[in-house]
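*Asks:* One structure, pasted below without further comment.
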Amino acid sequence: MNTDQAFDLLKDAGVTESSSIQTVRRWLREGKIKYEGGNGNRKTGYIMDDTDQAFEMLKDAGVTESNSVQTVSRWLGEGKIKYAGNGKRNTGYISDDRASKLAINDSINQNKDEIIHRLKLKIQAQEKHIEGIEELHETAKRILIQQRDMFKKEVAILKNEKSELQNESKDLLKENIELRNELITLKEKIRNNYMIDSTIQSDGYSEKLGLSKMASDKEVLAEYKGLLKITHPDHNGNAKVFHYIKTDYDNFRKSKKGK
C-alpha cells in the first residue's frame, strides 16, 4: 500500500485530514507503507490482503472499534480487501490476534441479541395483553353464569307462582260454582215454597223453609234471615218473594212473642 492509498482509505474511514496526514507520515517512517511517487495515481484492484490488516490499520489510526467494523465490512463488499482475515497474521503493523474477526462477529451477535431481546419484549407484551383479554373473558363468563343462574331461579319462582295462581283460580272457580249451585238451590227452594206451594198453613214455617218439623226457633230464624238477604231487592232479589218471606218472618216473630 502506498501513501496515496493509505491517505484515501483513512479519509474514507472518517479520519480528519490532519490526522490522516500525521498517520500516513508515521506509517511511512515505520515502514508500514511505501512511497510511490505520492502523485495521487491510485492502483486498481485490491489494496489490502485481508480484513485483519484493514482492521489493525484503522485501530492504529485511532478509529473506534464500531466504526472500524462498519468500515471494514464496507471495504470488503467494495472489493478493496481481498480476503476475510483469520486473526493469525503477524507481518508489519498487523497484530497477532483475532480482534477484527471477533469484532465483526460480536457486532453481528449484538444485533442478533438486540433483535431477540426486542422480540422477547414484544412477546411478553403480547402475552400480557392476551392474559388481560383472558381475564376479561373469564370475568364476563362468571357474570353471565351468575345472571343465567339468577334468571333460572326467577323463572322457577315465576313458574311456582303461576302454578299457585292456577290452583287458586281452580279453587275459586270451584267455590264459585258451588256458591252458584247453592244460590240456585235456594232460589228454587224459595220459589217452590212461596210461589207454588201456597196451600201450606201460615203456621207451617219450618215446612215452608224446607226444615224439619222438629227444627228449633233459632234454626227457623237463621233460615229466614238467610232468605231475606238473598231475596232483598238491593241484592238483585225478587221483591215479591222478599215480601212474602218478610211477612212470614214478621208473623213468626210475633207468634213467638205472644207465647
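Ordered as shown in the C-alpha cells, chains take letters A, B, and onward, while each chain numbers its residues from 1 and ligands are numbered from 1 in the order shown.
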Write out as a ChimeraX atom specification each polymer residue whose atoms come within 9 Å of Asp248 (chain A), counting only C-alpha atoms; drop sequence neighbours fewer than 2 positions from it.
*Replies:* /A:202-203,205,224,243-246,250-253
*Asks:* As an MDAnalysis selection string, please: the residues near Leu211 (chain A) (cut-off 9 Å, only C-alpha atoms, same-chain neighbours under 5 positions excluded).
*Replies:* chainID A and resid 205:206 219:220 223
*Asks:* How many Å separate CA of His235 (chain A) from CA of Lys170 (chain A)?
*Replies:*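 Atom-to-atom, CA of His235 (chain A) to CA of Lys170 (chain A), that is 26.1 Å.
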*Asks:* Determine, counting only C-alpha atoms, which protein, DNA and RNA residues have an atom within 9 Å of an atom of region 16-26 of chain A; residues of the same chain fewer than 6 positions away are not included. Present the result as a list in words.
*Replies:*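 Counting only the stated atoms, we get Thr3, Asp4, Ala6, Phe7, Asp8, Leu10, Lys32, Ile33, Asp60 and Ala61 of chain A.
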*Asks:* Given the choices A:Ser216, A:Phe151, A:Val241, A:Gly210, which gets closest to Thr185 (chain A) if the distance is worked out from only C-alpha atoms?
*Replies:*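 The closest residue to Thr185 (chain A) is A:Gly210.
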